[in-house]
Structures are given as structure tokens and as C-alpha cells.
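Engineer: Sharing coords.cif (mmCIF, C-alpha atoms) below.
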```cif
data_final
loop_
_atom_site.label_atom_id
_atom_site.label_comp_id
_atom_site.auth_asym_id
_atom_site.auth_seq_id
_atom_site.Cartn_x
_atom_site.Cartn_y
_atom_site.Cartn_z
CA VAL A 1307 89.21 118.76 53.10
CA THR A 1308 91.41 116.79 50.70
CA ALA A 1309 92.41 113.17 51.26
CA GLY A 1310 95.99 114.27 51.94
CA GLU A 1311 94.91 116.79 54.55
CA ARG A 1312 92.67 114.19 56.14
CA LEU A 1313 95.54 111.68 56.45
CA GLN A 1314 97.84 114.38 57.80
CA ARG A 1315 95.26 115.29 60.43
CA LEU A 1316 94.78 111.63 61.39
CA GLY A 1317 98.50 111.19 61.89
CA ALA A 1318 98.89 114.40 63.86
CA MET A 1319 96.01 113.65 66.21
CA SER A 1320 96.74 109.97 66.74
CA SER A 1321 99.31 110.71 69.46
CA ILE A 1322 97.40 112.33 72.31
CA GLY A 1323 99.66 113.16 75.24
CA MET A 1324 98.94 112.22 78.86
CA MET A 1325 98.53 115.89 79.80
CA ASP A 1326 95.75 116.32 77.26
CA PRO A 1327 92.42 117.35 78.87
CA ALA A 1328 91.03 114.03 77.61
CA PHE A 1329 92.80 112.22 80.45
CA PHE A 1330 90.98 114.30 83.06
CA VAL A 1331 87.50 113.22 81.93
CA GLY A 1332 85.74 111.30 84.71
CA LYS A 1333 84.57 107.70 84.58
CA ASN A 1334 80.89 108.53 84.94
CA GLU A 1335 80.97 111.00 82.06
CA LEU A 1336 82.75 108.45 79.86
CA LEU A 1337 80.27 105.69 80.66
CA SER A 1338 77.32 107.99 79.99
CA TRP A 1339 78.77 108.91 76.60
CA LEU A 1340 79.58 105.29 75.74
CA ASN A 1341 76.16 103.97 76.75
CA GLU A 1342 74.39 106.61 74.67
CA LEU A 1343 76.55 106.14 71.62
CA LEU A 1344 76.46 102.33 71.55
CA ASP A 1345 73.09 101.79 73.25
CA LEU A 1346 74.67 99.91 76.16
CA ASN A 1347 74.20 99.73 79.89
CA TYR A 1348 77.79 99.58 81.13
CA SER A 1349 78.40 100.50 84.76
CA LYS A 1350 82.19 99.97 84.87
CA VAL A 1351 84.95 100.94 82.46
CA GLU A 1352 86.53 97.50 82.81
CA GLN A 1353 83.54 96.06 80.96
CA CYS A 1354 85.27 97.42 77.85
CA ALA A 1355 88.11 94.93 78.38
CA ASN A 1356 87.02 92.54 75.62
CA GLY A 1357 87.67 95.28 73.04
CA ALA A 1358 84.29 95.10 71.32
CA ALA A 1359 83.21 98.56 72.47
CA TYR A 1360 86.47 100.10 71.28
CA CYS A 1361 85.98 98.50 67.86
CA GLN A 1362 82.45 99.84 67.56
CA ILE A 1363 83.45 103.36 68.62
CA MET A 1364 85.93 103.39 65.75
CA ASP A 1365 83.23 101.99 63.46
CA ALA A 1366 81.08 105.00 64.33
CA CYS A 1367 84.06 107.24 63.56
CA PHE A 1368 84.89 105.48 60.27
CA PRO A 1369 81.66 103.81 59.03
CA GLY A 1370 82.21 100.60 57.10
CA GLU A 1371 85.96 100.45 57.65
CA VAL A 1372 85.97 98.20 60.73
CA ALA A 1373 85.53 94.47 60.11
CA MET A 1374 82.45 94.30 62.35
CA LYS A 1375 81.69 90.71 61.37
CA LYS A 1376 84.95 89.66 63.01
CA VAL A 1377 84.18 91.43 66.29
CA MET A 1378 83.11 89.06 69.07
CA PHE A 1379 80.65 91.08 71.12
CA ASP A 1380 80.02 88.20 73.52
CA ALA A 1381 83.73 87.47 74.11
CA LYS A 1382 84.27 86.15 77.63
CA HIS A 1383 87.84 84.79 77.48
CA GLU A 1384 91.16 86.55 76.95
CA HIS A 1385 92.00 84.64 73.76
CA ASP A 1386 88.76 85.99 72.28
CA PHE A 1387 89.55 89.48 73.56
CA VAL A 1388 92.82 89.37 71.61
CA LYS A 1389 90.91 88.69 68.37
CA ASN A 1390 88.90 91.88 68.89
CA TYR A 1391 92.06 93.89 69.50
CA LYS A 1392 93.50 92.52 66.26
CA VAL A 1393 90.49 93.99 64.44
CA LEU A 1394 91.12 97.31 66.20
CA GLN A 1395 94.85 97.23 65.39
CA THR A 1396 94.07 96.56 61.72
CA LEU A 1397 92.05 99.78 61.58
CA PHE A 1398 94.78 101.69 63.44
CA ASP A 1399 97.32 100.54 60.85
CA LYS A 1400 94.99 101.44 58.00
CA LYS A 1401 94.40 104.95 59.37
CA GLN A 1402 98.05 105.43 60.38
CA ILE A 1403 97.11 105.79 64.04
CA THR A 1404 100.29 105.42 66.07
CA LYS A 1405 98.57 104.81 69.41
CA HIS A 1406 100.01 101.66 71.02
CA ILE A 1407 97.32 99.27 72.22
CA GLU A 1408 98.30 97.68 75.54
CA VAL A 1409 96.47 94.44 74.74
CA THR A 1410 97.81 92.41 77.67
CA LYS A 1411 96.91 95.07 80.24
CA LEU A 1412 93.48 95.80 78.75
CA CYS A 1413 92.57 92.11 78.64
CA LYS A 1414 93.21 91.85 82.40
CA ALA A 1415 90.18 94.16 82.90
CA LYS A 1416 92.03 96.52 85.22
CA PRO A 1417 89.99 99.72 85.73
CA LEU A 1418 92.86 102.20 85.27
CA ASP A 1419 94.12 100.70 81.97
CA ASN A 1420 90.64 100.63 80.45
CA LEU A 1421 89.85 104.10 81.79
CA GLU A 1422 92.89 105.55 80.02
CA MET A 1423 92.04 103.72 76.79
CA LEU A 1424 88.45 104.95 76.92
CA GLN A 1425 89.62 108.51 77.62
CA TRP A 1426 91.96 108.38 74.64
CA ILE A 1427 89.44 106.86 72.23
CA LYS A 1428 86.75 109.40 73.21
CA ARG A 1429 89.18 112.23 72.53
CA TYR A 1430 90.02 110.72 69.15
CA PHE A 1431 86.32 110.24 68.39
CA ASP A 1432 85.56 113.87 69.25
CA MET A 1433 88.26 114.98 66.82
CA HIS A 1434 87.25 112.82 63.87
CA TYR A 1435 83.57 111.95 64.09
CA GLY A 1436 81.82 113.15 60.95
CA GLY A 1437 78.42 113.79 62.55
CA ASN A 1438 76.69 110.96 60.68
CA GLU A 1439 73.77 109.16 62.29
CA TYR A 1440 74.86 105.88 63.82
CA ASN A 1441 72.60 102.94 64.68
CA ALA A 1442 74.77 100.91 67.04
CA VAL A 1443 72.41 97.92 67.37
CA GLU A 1444 71.97 97.63 63.63
CA ARG A 1445 75.71 97.90 62.96
CA ARG A 1446 76.48 94.97 65.25
CA GLY A 1447 73.74 92.89 63.67
CA GLY A 1448 71.48 93.00 66.71
CA LEU A 1449 74.07 91.21 68.82
CA SER A 1450 74.14 92.02 72.51
CA PHE A 1451 77.23 92.84 74.55
CA ALA A 1452 75.80 90.52 77.24
CA SER A 1453 77.70 87.34 78.08
CA THR A 1454 75.09 85.18 76.32
CA GLY A 1455 75.71 86.84 72.97
CA ALA A 1456 72.03 86.36 72.16
CA LYS A 1457 70.10 88.54 69.76
CA GLU A 1458 68.54 91.55 71.42
CA ASN A 1459 64.81 91.56 71.91
CA THR A 1460 63.37 92.92 68.68
CA ALA A 1461 60.22 94.08 70.47
CA THR A 1462 62.21 96.70 72.38
CA ASN A 1463 64.15 97.80 69.32
CA LYS A 1464 61.27 98.92 67.06
CA PRO A 1465 61.53 101.04 65.12
CA ALA A 1466 65.21 100.21 64.61
CA ALA A 1467 66.00 103.54 63.01
CA ALA A 1468 64.82 105.38 66.12
CA LYS A 1469 67.83 104.33 68.21
CA THR A 1470 70.47 106.32 66.40
CA ALA A 1471 73.15 108.63 67.67
CA THR A 1472 73.71 112.06 66.21
CA VAL A 1473 77.00 113.48 67.42
CA LYS A 1474 78.34 116.98 66.91
CA THR A 1475 81.64 118.07 68.39
CA GLY A 1476 81.69 115.14 70.76
CA ALA A 1477 78.17 115.57 72.16
CA VAL A 1478 76.11 112.42 71.78
CA ARG A 1479 72.36 112.62 71.29
CA VAL A 1480 70.29 109.48 70.94
CA ALA A 1481 66.65 109.52 69.88
CA ARG A 1482 64.75 106.96 71.95
CA PRO A 1483 61.06 106.13 71.51
CA ALA A 1484 58.88 106.07 74.60
CA SER A 1485 58.11 102.40 74.02
CA SER A 1486 61.78 101.47 74.33
CA SER A 1487 61.99 102.29 78.01
CA ALA A 1488 62.89 99.33 80.20
CA PRO A 1489 59.78 97.35 81.24
CA LYS A 1490 58.98 96.91 84.91
CA ARG A 1491 59.68 93.53 86.44
CA ALA A 1492 56.59 91.37 86.48
CA GLY A 1493 55.35 90.47 89.93
CA ALA A 1494 57.64 92.92 91.74
CA PRO A 1495 56.18 94.88 94.66
CA ALA A 1496 55.41 98.54 94.07
CA GLY A 1497 58.36 99.87 96.08
CA ALA A 1498 60.82 97.06 95.31
CA GLY A 1499 62.33 98.76 92.26
CA GLY A 1500 63.39 101.89 94.11
CA SER A 1501 64.81 99.94 97.03
CA SER A 1502 66.76 97.64 94.75
CA ALA A 1503 68.17 100.58 92.81
CA ASN A 1504 69.23 102.29 96.04
CA ASP A 1505 70.94 99.13 97.30
CA GLU A 1506 72.74 98.76 94.01
CA GLN A 1507 73.88 102.38 94.12
CA VAL A 1508 75.15 102.01 97.70
CA ALA A 1509 77.05 98.83 96.77
CA LYS A 1510 78.57 100.57 93.77
CA LEU A 1511 79.68 103.60 95.80
CA THR A 1512 81.08 101.36 98.53
CA GLU A 1513 83.10 99.46 95.96
CA GLU A 1514 84.43 102.69 94.46
CA MET A 1515 85.36 104.05 97.89
CA THR A 1516 87.22 100.84 98.77
CA SER A 1517 89.11 100.98 95.48
CA MET A 1518 90.04 104.62 96.11
CA LYS A 1519 91.26 103.84 99.64
CA LEU A 1520 93.49 101.07 98.31
CA THR A 1521 94.87 103.38 95.63
CA VAL A 1522 95.61 106.12 98.18
CA ALA A 1523 97.33 103.61 100.47
CA GLU A 1524 99.55 102.40 97.63
CA LEU A 1525 100.42 105.96 96.61
CA GLU A 1526 101.29 106.90 100.20
CA LYS A 1527 103.48 103.83 100.52
CA GLU A 1528 105.28 104.68 97.29
CA ARG A 1529 105.68 108.32 98.38
CA ASP A 1530 107.25 107.30 101.69
CA PHE A 1531 109.55 104.84 99.92
CA TYR A 1532 111.03 107.48 97.61
CA PHE A 1533 111.14 110.13 100.32
CA GLY A 1534 113.17 107.69 102.40
CA LYS A 1535 115.64 107.32 99.53
CA LEU A 1536 115.95 111.10 99.22
CA ARG A 1537 116.55 111.44 102.95
CA ASP A 1538 119.25 108.72 102.91
CA VAL A 1539 121.04 110.44 100.04
CA GLU A 1540 120.85 113.76 101.91
CA ILE A 1541 122.36 112.23 105.07
CA THR A 1542 125.10 110.53 103.05
CA CYS A 1543 126.07 113.83 101.42
CA GLN A 1544 125.95 115.81 104.67
CA THR A 1545 128.09 113.38 106.65
CA ASN A 1546 130.58 112.63 103.89
CA GLU A 1547 134.11 113.92 104.44
CA ARG A 1548 135.85 111.54 102.10
CA THR A 1549 137.84 112.74 99.11
CA ASP A 1550 137.05 109.56 97.17
CA VAL A 1551 134.16 110.66 94.94
CA GLY A 1552 133.81 107.18 93.46
CA SER A 1553 133.05 105.69 96.87
CA LEU A 1554 130.42 108.38 97.53
CA VAL A 1555 128.76 107.76 94.18
CA GLU A 1556 128.70 104.03 94.90
CA ASP A 1557 126.94 104.62 98.25
CA ILE A 1558 124.34 106.88 96.59
CA GLN A 1559 123.70 104.34 93.83
CA LYS A 1560 123.11 101.63 96.43
CA ILE A 1561 120.43 103.82 97.97
CA LEU A 1562 118.81 104.75 94.66
CA TYR A 1563 118.65 101.21 93.28
CA SER A 1564 117.61 99.47 96.49
CA THR A 1565 114.16 97.90 96.73
CA ALA A 1566 111.68 98.01 99.58
CA GLU A 1567 113.10 94.70 100.89
CA ASP A 1568 116.71 95.94 100.92
CA VAL A 1569 118.15 97.69 103.94
CA VAL A 1570 120.68 100.33 102.97
CA VAL A 1571 122.36 102.26 105.77
CA ALA A 1572 123.99 105.55 104.92
CA ALA A 1573 127.75 105.22 105.41
CA PRO A 1574 128.91 107.00 108.58
CA ALA A 1575 131.43 109.80 108.30
CA PRO A 1576 135.01 108.81 109.20
CA GLU A 1577 136.08 109.66 112.76
CA VAL A 1578 138.21 112.79 113.01
CA ARG A 1579 141.08 112.57 115.49
CA CYS A 1580 142.90 115.61 116.76
CA SER A 1581 146.66 115.64 117.26
CA PRO A 1582 148.00 116.33 120.78
CA ASP A 1583 149.20 119.76 119.74
CA ALA A 1584 145.82 120.64 118.31
CA SER A 1585 144.16 119.39 121.48
CA SER A 1586 146.25 121.68 123.65
CA HIS A 1587 145.38 124.67 121.53
CA MET A 1588 141.70 123.78 121.82
CA GLY A 1589 141.95 123.63 125.60
CA ILE A 1590 141.45 119.84 125.79
#
```
Output the file's structure in the form of C-alpha cells.

Structural biologist:
Amino acid sequence: VTAGERLQRLGAMSSIGMMDPAFFVGKNELLSWLNELLDLNYSKVEQCANGAAYCQIMDACFPGEVAMKKVMFDAKHEHDFVKNYKVLQTLFDKKQITKHIEVTKLCKAKPLDNLEMLQWIKRYFDMHYGGNEYNAVERRGGLSFASTGAKENTATNKPAAAKTATVKTGAVRVARPASSSAPKRAGAPAGAGGSSANDEQVAKLTEEMTSMKLTVAELEKERDFYFGKLRDVEITCQTNERTDVGSLVEDIQKILYSTAEDVVVAAPAPEVRCSPDASSHMGI
């Protein structure tokens, strides 16, 4: 593939529409892929809000072209998050990627915004990853994504070359030595680990269910709001007997542009009076 063809492909694939299958990939699948690729332990997509993970995904896609030394993996404040997104934007400009980064929304750590960004960036990664081995810990200089920003325990990272990701057509495979498995907590009772894991899973599922209930409630409220508008417009059109089209349009616009706090009553149809002669013919 020539350099020109490569740039043309980058430009063509940089705009991934909302109906692309990428935006139907579930959160759990995305987190599993991300954790394998970058050797992380994320449990929520909003943990990507500081932008460091997005920068490193693009580093895996384009080795050596992301200014990794400028990435703040331990960023905890929004002004630091913005610095990471500047690094990401610099790469986007360099590669002619037209995707708009919603920095303000992503920095707020809202699940939906970060889910959509992660869905998009995984799709882009699947399209452009060259299949090279990628040692995530080594590329970030041993820095941890934890809030402390401390160096990761070297004892659990030996040999360093073992924790590498080999990706082909979007499938991530990470070779992990047996010695790198998480050590058991010292002094913990034999059955404490399983119980703690179950409690954590229950808490996580409860949180997800609550979030889904709130989302459904908001969607139902919005549905009812717009259905009410449609019904008001229908009544206005059915009861209208005026010849003044401008007045009818004005009434419909009031309904369409009203907010939830506004009360817009469909204008009643004018009263029709019958003449005495007409009344006699009608038997009145």
C-alpha cells in the first residue's frame, strides 16, 4: 500500500457514522478489549474520561507517533484531562482524522459520551492496526493509570516482553505469564475473596440497573412530551375552520416550540351560527 493510498484510507475511514455496527458494541466487550490491549483493570467506560487510554490506543495503532511523554496517565483534574486531549487532537490533525473530539463532554466522565468515543476509537483501531506486538506498560514508561501515578510493581511485570498484545483484525491476544496473576490478599480468610467478588458484582449490577431505569424514565418522559405536541397539532388541524392560514401556522408553531413548562392550549374552532331560514329548513 502506497503512502497516498494509506492517507486516502485514513481520511475515508475517519468519519464513522452513528449507524455503523461499531456503535452497537456493548460496554462489557469494549472494556474487555481495552483491558487486554492496555493491560488495565477498568470496570467502567467513564474511567477513560482523562483521555490517557484514548491516546495509548492510538499509540498502538500508530507506534511512535503519539507524544506519549506528554500524556498524563495519572490525571485527576479536568485541566489535566484537556492536556491529554490536546495530545490526541495533535495526532488526529497529523493523520487527517476528521472526528470531532467532544472534550468538554468527555471530561465530565459521563458514561454515554465515553461509551460512544470508545466505540468509535475501537472501530478505527480495528481498521488501521498493523498487527504489531504492543507492550502497553513499556510504552507508558511503567506508569500506572491509578490515581497515584506511581510506577507499577516491577515484580509483577517480569518478563516485561511477556505482556504484549498481538492484534489481528481487531482481536486482541495478550500473552501473560503464570507468575503475573494477581496475588491473594495476605491474611484474608479462605472464602473471603469469593464473597467480596460476589458483593462487588452485585453492587455493580445494581448500579447499572439503576442507571438503566433512570435512562428509561427520561426517554419515556421525552416520548410523552413530543407525543403531546403531535396530538395538540392534530386537534388544532381537525378543529380549524378558519381561512386565515397564517393564524393556523402561528398556533402550530406555538405548540412546536413550547417547552415542558409552557402550557399551550389548542385554539378552539369558531362557533358556527345558523341563520333563521337555515334553522327552519333543519327542523329547529

Engineer: In Å, with one decimal, what is the gap from CA of Arg1529 in chain A to CA of Phe1329 in chain A?

Structural biologist: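 CA of Phe1329 in chain A lies 22.4 Å from CA of Arg1529 in chain A.
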
Engineer: Selected by the PyMOL selection byres ((chain A and resi 1532-1538) around 9) in the shown coordinates: which residues, as a PyMOL selection string?

Structural biologist: chain A and resi 1527-1531+1539-1543+1558+1561-1562+1564+1570-1572

Engineer: Can you list what the PyMOL selection byres ((chain A and resi 1373-1381) around 9) grabs from this structure, as a ChimeraX atom specification?

Structural biologist: /A:1356-1359,1361-1362,1365,1370-1372,1382-1387,1389-1391,1393-1394,1396-1397,1445-1447,1449-1456

Engineer: Could you write those residues out with C-alpha atoms, as a PDB file, in the coordinates of the input?

Structural biologist:
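What ended up in result.pdb:
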```pdb
ATOM      1  CA  ASN A1356      87.020  92.540  75.620  1.00  0.00           C
ATOM      2  CA  GLY A1357      87.670  95.280  73.040  1.00  0.00           C
ATOM      3  CA  ALA A1358      84.290  95.100  71.320  1.00  0.00           C
ATOM      4  CA  ALA A1359      83.210  98.560  72.470  1.00  0.00           C
ATOM      5  CA  CYS A1361      85.980  98.500  67.860  1.00  0.00           C
ATOM      6  CA  GLN A1362      82.450  99.840  67.560  1.00  0.00           C
ATOM      7  CA  ASP A1365      83.230 101.990  63.460  1.00  0.00           C
ATOM      8  CA  GLY A1370      82.210 100.600  57.100  1.00  0.00           C
ATOM      9  CA  GLU A1371      85.960 100.450  57.650  1.00  0.00           C
ATOM     10  CA  VAL A1372      85.970  98.200  60.730  1.00  0.00           C
ATOM     11  CA  LYS A1382      84.270  86.150  77.630  1.00  0.00           C
ATOM     12  CA  HIS A1383      87.840  84.790  77.480  1.00  0.00           C
ATOM     13  CA  GLU A1384      91.160  86.550  76.950  1.00  0.00           C
ATOM     14  CA  HIS A1385      92.000  84.640  73.760  1.00  0.00           C
ATOM     15  CA  ASP A1386      88.760  85.990  72.280  1.00  0.00           C
ATOM     16  CA  PHE A1387      89.550  89.480  73.560  1.00  0.00           C
ATOM     17  CA  LYS A1389      90.910  88.690  68.370  1.00  0.00           C
ATOM     18  CA  ASN A1390      88.900  91.880  68.890  1.00  0.00           C
ATOM     19  CA  TYR A1391      92.060  93.890  69.500  1.00  0.00           C
ATOM     20  CA  VAL A1393      90.490  93.990  64.440  1.00  0.00           C
ATOM     21  CA  LEU A1394      91.120  97.310  66.200  1.00  0.00           C
ATOM     22  CA  THR A1396      94.070  96.560  61.720  1.00  0.00           C
ATOM     23  CA  LEU A1397      92.050  99.780  61.580  1.00  0.00           C
ATOM     24  CA  ARG A1445      75.710  97.900  62.960  1.00  0.00           C
ATOM     25  CA  ARG A1446      76.480  94.970  65.250  1.00  0.00           C
ATOM     26  CA  GLY A1447      73.740  92.890  63.670  1.00  0.00           C
ATOM     27  CA  LEU A1449      74.070  91.210  68.820  1.00  0.00           C
ATOM     28  CA  SER A1450      74.140  92.020  72.510  1.00  0.00           C
ATOM     29  CA  PHE A1451      77.230  92.840  74.550  1.00  0.00           C
ATOM     30  CA  ALA A1452      75.800  90.520  77.240  1.00  0.00           C
ATOM     31  CA  SER A1453      77.700  87.340  78.080  1.00  0.00           C
ATOM     32  CA  THR A1454      75.090  85.180  76.320  1.00  0.00           C
ATOM     33  CA  GLY A1455      75.710  86.840  72.970  1.00  0.00           C
ATOM     34  CA  ALA A1456      72.030  86.360  72.160  1.00  0.00           C
TER      35      ALA A1456
END
```

Engineer: For a cutoff of 10 Å around the file-coordinate point (81.1, 107.8, 81.0), which residues qualify once you count only C-alpha atoms? I'd like the result as a ChimeraX atom specification.

Structural biologist: /A:1331-1342,1348-1351,1421,1424-1425,1428

Engineer: Can you tell me how far CA of Ala1509 in chain A sits from CA of Lys1411 in chain A, in Å to one decimal?

Structural biologist: 26.1 Å

Engineer: Enter the distance from CA of Ala1355 in chain A to CA of Lys1405 in chain A, in Å, rounded to one decimal.

Structural biologist: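 Here the two named atoms are 17.0 Å from each other.
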
Engineer: Which of these residues is nearest to Ile1427 in chain A, using only C-alpha atoms: A:Met1364, A:Ile1403, A:Met1515, A:Ala1503?

Structural biologist: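 Looking only at the distances to Ile1427 in chain A, the closest residue turns out to be A:Met1364.
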
Engineer: Hey, which of A:Lys1392, A:His1434, A:Lys1401, A:Lys1519 ends up closest to Cys1367 in chain A? Count all atoms listed in the file.

Structural biologist: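 Checking each of A:Lys1392, A:His1434, A:Lys1401, A:Lys1519 against Cys1367 in chain A, counting all atoms listed in the file, the winner is A:His1434.
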
Engineer: My list of candidates is A:Asp1345, A:Asp1557, A:Glu1352, A:Asp1550. Which is closest to Ala1442 in chain A when distances are computed with only C-alpha atoms?

Structural biologist: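 The closest residue to Ala1442 in chain A is A:Asp1345.
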
Engineer: Name the residues, using the chain letters and numbers of the file, that sit within 10 Å of (81.6, 112.4, 57.3) when counting all atoms listed in the file, and give them as an MDAnalysis selection string.

Structural biologist: chainID A and resid 1367:1369 1434:1439
